[in-house]
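File shown here: query.cif, holding mmCIF, C-alpha atoms.
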data_data
#
loop_
_atom_site.label_atom_id
_atom_site.label_comp_id
_atom_site.auth_asym_id
_atom_site.auth_seq_id
_atom_site.Cartn_x
_atom_site.Cartn_y
_atom_site.Cartn_z
CA MET A 1 -31.24 -17.37 -24.60
CA ARG A 2 -32.58 -16.50 -21.16
CA VAL A 3 -31.87 -19.19 -18.63
CA ALA A 4 -34.39 -20.23 -16.01
CA VAL A 5 -32.46 -21.85 -13.20
CA GLY A 6 -33.82 -24.80 -11.26
CA LEU A 7 -32.64 -25.74 -7.82
CA CYS A 8 -28.86 -25.52 -7.41
CA LEU A 9 -26.83 -28.31 -5.90
CA VAL A 10 -25.45 -26.33 -3.01
CA VAL A 11 -23.01 -29.05 -2.04
CA LEU A 12 -19.59 -28.28 -3.46
CA LEU A 13 -18.19 -31.26 -5.30
CA GLY A 14 -14.53 -32.16 -5.39
CA GLY A 15 -13.64 -34.03 -8.52
CA CYS A 16 -11.60 -37.16 -8.93
CA ARG A 17 -12.01 -40.16 -11.19
CA LEU A 18 -12.59 -42.58 -8.32
CA GLY A 19 -15.53 -40.69 -6.89
CA LEU A 20 -16.41 -37.50 -5.09
CA ARG A 21 -14.23 -36.26 -2.29
CA ASP A 22 -14.81 -33.76 0.46
CA ALA A 23 -15.05 -30.30 -1.11
CA ARG A 24 -12.57 -28.83 1.34
CA LEU A 25 -9.82 -31.09 -0.01
CA HIS A 26 -9.87 -30.48 -3.76
CA GLU A 27 -11.29 -28.24 -6.49
CA PRO A 28 -14.89 -27.52 -5.54
CA TYR A 29 -17.61 -27.29 -8.15
CA LEU A 30 -21.17 -26.01 -8.03
CA LEU A 31 -23.85 -27.73 -10.10
CA VAL A 32 -26.77 -25.79 -11.57
CA TRP A 33 -29.78 -27.58 -13.11
CA ALA A 34 -31.22 -25.10 -15.60
CA GLY A 35 -33.40 -24.61 -18.63
CA ASP A 36 -34.07 -22.07 -21.34
CA ASP A 37 -36.73 -19.59 -20.18
CA ASP A 38 -38.62 -19.73 -23.50
CA ARG A 39 -38.20 -23.54 -23.68
CA HIS A 40 -36.52 -23.30 -27.08
CA ASP A 41 -33.05 -24.66 -26.24
CA GLU A 42 -32.19 -27.86 -24.36
CA ASP A 43 -32.24 -28.00 -20.58
CA PHE A 44 -28.82 -28.72 -19.08
CA LEU A 45 -26.75 -29.36 -16.00
CA ALA A 46 -23.92 -26.83 -15.64
CA VAL A 47 -20.68 -27.31 -13.69
CA LEU A 48 -19.30 -24.05 -12.29
CA ASP A 49 -15.95 -23.35 -10.67
CA ALA A 50 -16.73 -22.56 -7.02
CA ASP A 51 -13.14 -22.39 -5.79
CA PRO A 52 -12.55 -18.77 -4.68
CA GLY A 53 -8.81 -19.26 -5.19
CA SER A 54 -9.19 -20.30 -8.82
CA ARG A 55 -8.60 -17.93 -11.72
CA HIS A 56 -11.80 -19.38 -13.28
CA TYR A 57 -13.90 -18.76 -10.16
CA GLY A 58 -17.58 -18.36 -11.06
CA ARG A 59 -17.21 -19.57 -14.65
CA VAL A 60 -19.17 -22.35 -16.27
CA LEU A 61 -16.63 -25.11 -16.88
CA ALA A 62 -18.92 -27.70 -18.50
CA THR A 63 -22.52 -28.24 -19.49
CA ILE A 64 -24.39 -31.49 -19.98
CA PRO A 65 -27.45 -31.10 -22.22
CA VAL A 66 -30.34 -33.52 -21.66
CA GLY A 67 -31.71 -33.76 -25.21
CA SER A 68 -35.09 -32.22 -24.41
CA THR A 69 -36.68 -28.86 -23.67
CA GLY A 70 -39.41 -27.59 -21.38
CA ASN A 71 -38.79 -30.06 -18.57
CA GLU A 72 -38.93 -27.24 -16.02
CA PRO A 73 -35.75 -28.16 -14.14
CA HIS A 74 -36.77 -28.43 -10.54
CA ALA A 75 -34.66 -30.43 -8.09
CA ILE A 76 -31.37 -32.29 -7.80
CA ASN A 77 -29.85 -34.25 -4.96
CA THR A 78 -28.18 -31.95 -2.46
CA THR A 79 -26.03 -34.68 -0.95
CA ALA A 80 -22.87 -35.55 -2.90
CA ARG A 81 -22.91 -39.30 -3.53
CA ALA A 82 -19.76 -41.43 -3.29
CA ASP A 83 -20.52 -42.92 -6.75
CA GLY A 84 -20.83 -39.49 -8.43
CA VAL A 85 -24.50 -39.96 -9.33
CA VAL A 86 -26.57 -36.79 -9.60
CA VAL A 87 -30.32 -37.05 -10.14
CA ALA A 88 -32.36 -34.13 -11.48
CA THR A 89 -36.11 -33.77 -12.00
CA GLY A 90 -38.23 -32.25 -14.75
CA LEU A 91 -41.44 -31.06 -13.12
CA ARG A 92 -43.49 -30.46 -16.29
CA THR A 93 -42.44 -33.57 -18.23
CA ASP A 94 -42.31 -36.06 -15.34
CA ARG A 95 -38.79 -37.03 -16.40
CA VAL A 96 -36.01 -37.99 -14.02
CA PHE A 97 -32.45 -37.45 -15.31
CA VAL A 98 -29.50 -39.46 -13.99
CA PHE A 99 -25.98 -38.08 -14.46
CA ASP A 100 -22.55 -39.58 -13.83
CA LEU A 101 -20.31 -36.87 -12.36
CA ARG A 102 -17.41 -38.89 -11.01
CA ASP A 103 -15.36 -36.52 -13.12
CA PRO A 104 -17.39 -33.28 -13.00
CA LEU A 105 -15.60 -31.70 -15.98
CA HIS A 106 -16.46 -34.70 -18.17
CA GLY A 107 -19.81 -35.67 -16.70
CA LYS A 108 -22.49 -37.34 -18.76
CA LEU A 109 -26.18 -38.06 -18.83
CA VAL A 110 -26.51 -41.83 -18.34
CA ARG A 111 -30.25 -42.36 -18.11
CA VAL A 112 -33.58 -40.61 -18.54
CA ILE A 113 -36.44 -42.23 -16.67
CA GLU A 114 -39.46 -41.42 -18.82
CA PRO A 115 -43.05 -41.38 -17.62
CA THR A 116 -45.07 -44.40 -18.79
CA ALA A 117 -48.74 -45.31 -18.69
CA ALA A 118 -47.90 -47.88 -16.01
CA ARG A 119 -46.39 -45.30 -13.67
CA ILE A 120 -48.72 -44.04 -10.98
CA LEU A 121 -46.74 -40.99 -9.91
CA ARG A 122 -46.07 -37.69 -11.70
CA ALA A 123 -44.38 -34.32 -11.11
CA PRO A 124 -41.02 -35.25 -9.52
CA VAL A 125 -40.40 -32.54 -6.93
CA ALA A 126 -37.55 -33.66 -4.68
CA VAL A 127 -34.57 -36.02 -4.64
CA VAL A 128 -33.50 -37.71 -1.41
CA THR A 129 -30.34 -39.75 -1.01
CA GLU A 130 -27.35 -40.35 1.17
CA ARG A 131 -23.72 -40.81 0.07
CA THR A 132 -24.44 -44.48 -0.77
CA GLY A 133 -27.54 -46.61 -1.24
CA PRO A 134 -30.72 -46.08 -3.22
CA ILE A 135 -32.05 -42.75 -4.43
CA PHE A 136 -35.65 -41.68 -3.83
CA VAL A 137 -37.64 -39.15 -5.84
CA ALA A 138 -40.76 -37.65 -4.27
CA GLU A 139 -43.65 -37.32 -6.73
CA ALA A 140 -47.35 -36.44 -6.75
CA ASP A 141 -50.13 -38.92 -7.55
CA ARG A 142 -51.10 -38.48 -11.23
CA ALA A 143 -54.82 -38.84 -10.46
CA ASP A 144 -54.76 -35.51 -8.61
CA PHE A 145 -52.03 -33.76 -10.61
CA ARG A 146 -53.29 -31.48 -13.37
CA GLY A 147 -50.04 -29.61 -14.03
CA LEU A 148 -50.69 -26.68 -11.74
CA GLY A 149 -48.05 -25.63 -9.23
CA ARG A 150 -50.39 -25.98 -6.29
CA ASP A 151 -51.21 -29.57 -7.31
CA VAL A 152 -47.76 -30.59 -6.10
CA LEU A 153 -48.70 -29.37 -2.63
CA ASP A 154 -52.31 -30.60 -2.64
CA ALA A 155 -51.98 -34.01 -4.29
CA PRO A 156 -51.12 -37.16 -2.35
CA GLY A 157 -47.85 -38.66 -3.48
CA GLY A 158 -45.22 -41.29 -3.15
CA LEU A 159 -41.63 -42.20 -3.96
CA LEU A 160 -39.74 -43.56 -6.94
CA GLU A 161 -36.80 -45.75 -5.94
CA ILE A 162 -33.69 -45.73 -8.13
CA ASP A 163 -31.13 -48.50 -7.51
CA LEU A 164 -27.34 -48.48 -7.67
CA ASP A 165 -27.50 -49.37 -11.39
CA ARG A 166 -29.39 -46.08 -11.87
CA ARG A 167 -32.62 -47.85 -12.84
CA LEU A 168 -36.15 -47.30 -11.62
CA VAL A 169 -36.91 -50.14 -9.19
CA ARG A 170 -40.42 -49.35 -8.04
CA GLU A 171 -42.94 -46.71 -7.02
#
Would you kindly transcribe this structure into structure tokens?
Amino acid sequence: MRVAVGLCLVVLLGGCRLGLRDARLHEPYLLVWAGDDDRHDEDFLAVLDADPGSRHYGRVLATIPVGSTGNEPHAINTTARADGVVVATGLRTDRVFVFDLRDPLHGKLVRVIEPTAARILRAPVAVVTERTGPIFVAEADRADFRGLGRDVLDAPGGLLEIDLDRRLVRE
């Protein structure tokens, strides 16, 4: 399997069961949102050991498969949230994946926000959030999105809002 890597969560996460802590204080992790290059195997979120002092430095410590292929992993939030929520986007399938990583080594996929006929927006390209509060996903307008890479840049767009219960609130 050749892995095509989406955007990496550059923020180092420190794990604890009560939420994420400052990476300088405890075991940092690096998250990688990735997919199989030939779209045969499931896309997944990988948790890597990013602590240079660890004997497992650079190793994949856990993976969380998403149950689907060919999503074209694209973006994840780059700000570590206090509640451990990580949101990732599938550019080709219009899916938004919500993970619970309060304990990064035992993280889980908690919700997949699927595209519906009622949704106006497509092609989730960016995730914006702060440590607390709602999560926003930038998307293109489906009327002008034909699946081409340049459509993301040319099409008008909007935001999906995800609430603290990890549910889509509105576009």
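If you look at atom CA of A:Thr63 and atom CA of A:Arg81, they are 19.4 Å away from each other.
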*Determine the residue membership of the PyMOL selection byres ((chain A and resi 75-77) around 10) for the file above and supply it as an MDAnalysis selection string.*
chainID A and resid 6:11 31:34 45 72:74 78:81 85:91 96:98 124:130 135:137
*Go through A:Asp36, A:Glu171, A:Asp51, A:Asp41 one by one, measure the shortest atom-to-atom distance of each to A:Gly157 using all atoms listed in the file, and give the residue with the smallest value.*
A:Glu171
*Can you work out which one of A:Arg55, A:Arg92, A:Tyr29, A:Leu168 has the shortest atom-to-atom distance to A:Val112, counting only C-alpha atoms?*
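Among the listed residues, the smallest separation from A:Val112 belongs to A:Leu168.
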*Given the file shown, enumerate the residues that the PyMOL selection byres ((chain A and resi 60) around 6) captures and present them as a ChimeraX atom specification.*
/A:47-48,59,61-62
Once the PyMOL selection byres ((chain A and resi 39) around 9) has been evaluated on this model, what residues remain selected, and can you format them as an mmCIF file with C-alpha atoms, in the coordinates of the input?
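Dumped to selection.cif:
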data_model
loop_
_atom_site.group_PDB
_atom_site.id
_atom_site.type_symbol
_atom_site.label_atom_id
_atom_site.label_comp_id
_atom_site.auth_asym_id
_atom_site.auth_seq_id
_atom_site.Cartn_x
_atom_site.Cartn_y
_atom_site.Cartn_z
ATOM 1 C CA GLY A 35 -33.400 -24.610 -18.630
ATOM 2 C CA ASP A 36 -34.070 -22.070 -21.340
ATOM 3 C CA ASP A 37 -36.730 -19.590 -20.180
ATOM 4 C CA ASP A 38 -38.620 -19.730 -23.500
ATOM 5 C CA HIS A 40 -36.520 -23.300 -27.080
ATOM 6 C CA ASP A 41 -33.050 -24.660 -26.240
ATOM 7 C CA GLU A 42 -32.190 -27.860 -24.360
ATOM 8 C CA ASP A 43 -32.240 -28.000 -20.580
ATOM 9 C CA THR A 69 -36.680 -28.860 -23.670
ATOM 10 C CA GLY A 70 -39.410 -27.590 -21.380
ATOM 11 C CA ASN A 71 -38.790 -30.060 -18.570
ATOM 12 C CA GLU A 72 -38.930 -27.240 -16.020
#
*Find the residue from A:Asp83, A:Asp94, A:Asp163, A:Asp49 that sits nearest to A:Ala117; use all atoms listed in the file when measuring.*
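Using all atoms listed in the file, the shortest distance to A:Ala117 belongs to A:Asp94.
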*Out of A:Arg95, A:Arg122, A:Arg131, A:Arg170, which residue has the shortest atom-to-atom distance to A:Pro156 when counting all atoms listed in the file?*
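Using all atoms listed in the file, the shortest distance to A:Pro156 belongs to A:Arg122.
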*Have a look at A:Ala140, A:Asp165, A:Leu121, A:Ile64 and name the one nearest to A:Leu105; count all atoms listed in the file.*
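Of A:Ala140, A:Asp165, A:Leu121, A:Ile64, the one nearest A:Leu105, counting all atoms listed in the file, is A:Ile64.
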*Atomic distance atom CA of A:Tyr57 - atom CA of A:Asp103, expressed in Å with one decimal*: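 Atom CA of A:Asp103 lies at a distance of 18.1 Å from atom CA of A:Tyr57.
Our summary of the geometry notes that atom CA of A:Pro104 is positioned 9.6 Å from atom CA of A:Leu30.
For the residues A:Pro115, A:Gly107, A:Pro28, A:Gly84, ranking by smallest atom-to-atom distance to A:Ala46 using only C-alpha atoms places A:Gly107 first.
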Complete stretch 65-82 of chain A at the level of N, CA, C and O atoms, written as a PDB file, keeping the file's coordinate frame.
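What follows is the written file result-v7.pdb:
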ATOM      1  N   PRO A  65     -26.081 -31.231 -21.734  1.00  0.00           N
ATOM      2  CA  PRO A  65     -27.450 -31.100 -22.220  1.00  0.00           C
ATOM      3  C   PRO A  65     -28.210 -32.419 -22.053  1.00  0.00           C
ATOM      4  O   PRO A  65     -27.611 -33.490 -22.045  1.00  0.00           O
ATOM      5  N   VAL A  66     -29.538 -32.320 -21.920  1.00  0.00           N
ATOM      6  CA  VAL A  66     -30.340 -33.520 -21.660  1.00  0.00           C
ATOM      7  C   VAL A  66     -31.142 -33.994 -22.868  1.00  0.00           C
ATOM      8  O   VAL A  66     -31.867 -34.975 -22.773  1.00  0.00           O
ATOM      9  N   GLY A  67     -31.031 -33.291 -23.993  1.00  0.00           N
ATOM     10  CA  GLY A  67     -31.710 -33.760 -25.210  1.00  0.00           C
ATOM     11  C   GLY A  67     -33.185 -33.439 -25.281  1.00  0.00           C
ATOM     12  O   GLY A  67     -33.887 -33.941 -26.159  1.00  0.00           O
ATOM     13  N   SER A  68     -33.682 -32.598 -24.372  1.00  0.00           N
ATOM     14  CA  SER A  68     -35.090 -32.220 -24.410  1.00  0.00           C
ATOM     15  C   SER A  68     -35.260 -30.821 -23.822  1.00  0.00           C
ATOM     16  O   SER A  68     -34.395 -30.326 -23.111  1.00  0.00           O
ATOM     17  N   THR A  69     -36.384 -30.209 -24.139  1.00  0.00           N
ATOM     18  CA  THR A  69     -36.680 -28.860 -23.670  1.00  0.00           C
ATOM     19  C   THR A  69     -37.947 -28.866 -22.835  1.00  0.00           C
ATOM     20  O   THR A  69     -38.728 -29.812 -22.876  1.00  0.00           O
ATOM     21  N   GLY A  70     -38.163 -27.784 -22.105  1.00  0.00           N
ATOM     22  CA  GLY A  70     -39.410 -27.590 -21.380  1.00  0.00           C
ATOM     23  C   GLY A  70     -39.655 -28.535 -20.236  1.00  0.00           C
ATOM     24  O   GLY A  70     -40.799 -28.731 -19.829  1.00  0.00           O
ATOM     25  N   ASN A  71     -38.612 -29.133 -19.690  1.00  0.00           N
ATOM     26  CA  ASN A  71     -38.790 -30.060 -18.570  1.00  0.00           C
ATOM     27  C   ASN A  71     -39.149 -29.330 -17.277  1.00  0.00           C
ATOM     28  O   ASN A  71     -39.676 -29.938 -16.367  1.00  0.00           O
ATOM     29  N   GLU A  72     -38.867 -28.049 -17.233  1.00  0.00           N
ATOM     30  CA  GLU A  72     -38.930 -27.240 -16.020  1.00  0.00           C
ATOM     31  C   GLU A  72     -38.028 -27.844 -14.950  1.00  0.00           C
ATOM     32  O   GLU A  72     -38.488 -28.494 -14.011  1.00  0.00           O
ATOM     33  N   PRO A  73     -36.708 -27.652 -15.125  1.00  0.00           N
ATOM     34  CA  PRO A  73     -35.750 -28.160 -14.140  1.00  0.00           C
ATOM     35  C   PRO A  73     -36.186 -27.745 -12.742  1.00  0.00           C
ATOM     36  O   PRO A  73     -36.511 -26.586 -12.495  1.00  0.00           O
ATOM     37  N   HIS A  74     -36.219 -28.720 -11.858  1.00  0.00           N
ATOM     38  CA  HIS A  74     -36.770 -28.430 -10.540  1.00  0.00           C
ATOM     39  C   HIS A  74     -35.825 -28.775  -9.390  1.00  0.00           C
ATOM     40  O   HIS A  74     -35.461 -27.913  -8.623  1.00  0.00           O
ATOM     41  N   ALA A  75     -35.445 -30.029  -9.267  1.00  0.00           N
ATOM     42  CA  ALA A  75     -34.660 -30.430  -8.090  1.00  0.00           C
ATOM     43  C   ALA A  75     -33.517 -31.339  -8.489  1.00  0.00           C
ATOM     44  O   ALA A  75     -33.584 -32.033  -9.500  1.00  0.00           O
ATOM     45  N   ILE A  76     -32.465 -31.327  -7.686  1.00  0.00           N
ATOM     46  CA  ILE A  76     -31.370 -32.290  -7.800  1.00  0.00           C
ATOM     47  C   ILE A  76     -30.956 -32.685  -6.393  1.00  0.00           C
ATOM     48  O   ILE A  76     -31.262 -31.985  -5.424  1.00  0.00           O
ATOM     49  N   ASN A  77     -30.272 -33.835  -6.293  1.00  0.00           N
ATOM     50  CA  ASN A  77     -29.850 -34.250  -4.960  1.00  0.00           C
ATOM     51  C   ASN A  77     -28.856 -33.243  -4.390  1.00  0.00           C
ATOM     52  O   ASN A  77     -27.967 -32.774  -5.077  1.00  0.00           O
ATOM     53  N   THR A  78     -29.048 -32.926  -3.121  1.00  0.00           N
ATOM     54  CA  THR A  78     -28.180 -31.950  -2.460  1.00  0.00           C
ATOM     55  C   THR A  78     -27.115 -32.621  -1.607  1.00  0.00           C
ATOM     56  O   THR A  78     -26.335 -31.933  -0.958  1.00  0.00           O
ATOM     57  N   THR A  79     -27.089 -33.934  -1.624  1.00  0.00           N
ATOM     58  CA  THR A  79     -26.030 -34.680  -0.950  1.00  0.00           C
ATOM     59  C   THR A  79     -25.125 -35.281  -2.014  1.00  0.00           C
ATOM     60  O   THR A  79     -25.600 -35.970  -2.914  1.00  0.00           O
ATOM     61  N   ALA A  80     -23.821 -34.986  -1.939  1.00  0.00           N
ATOM     62  CA  ALA A  80     -22.870 -35.550  -2.900  1.00  0.00           C
ATOM     63  C   ALA A  80     -22.745 -37.044  -2.636  1.00  0.00           C
ATOM     64  O   ALA A  80     -22.454 -37.466  -1.525  1.00  0.00           O
ATOM     65  N   ARG A  81     -22.980 -37.848  -3.664  1.00  0.00           N
ATOM     66  CA  ARG A  81     -22.910 -39.300  -3.530  1.00  0.00           C
ATOM     67  C   ARG A  81     -21.489 -39.789  -3.806  1.00  0.00           C
ATOM     68  O   ARG A  81     -20.775 -39.244  -4.640  1.00  0.00           O
ATOM     69  N   ALA A  82     -21.096 -40.850  -3.132  1.00  0.00           N
ATOM     70  CA  ALA A  82     -19.760 -41.430  -3.290  1.00  0.00           C
ATOM     71  C   ALA A  82     -19.549 -41.960  -4.705  1.00  0.00           C
ATOM     72  O   ALA A  82     -18.422 -41.989  -5.189  1.00  0.00           O
TER      73      ALA A  82
END
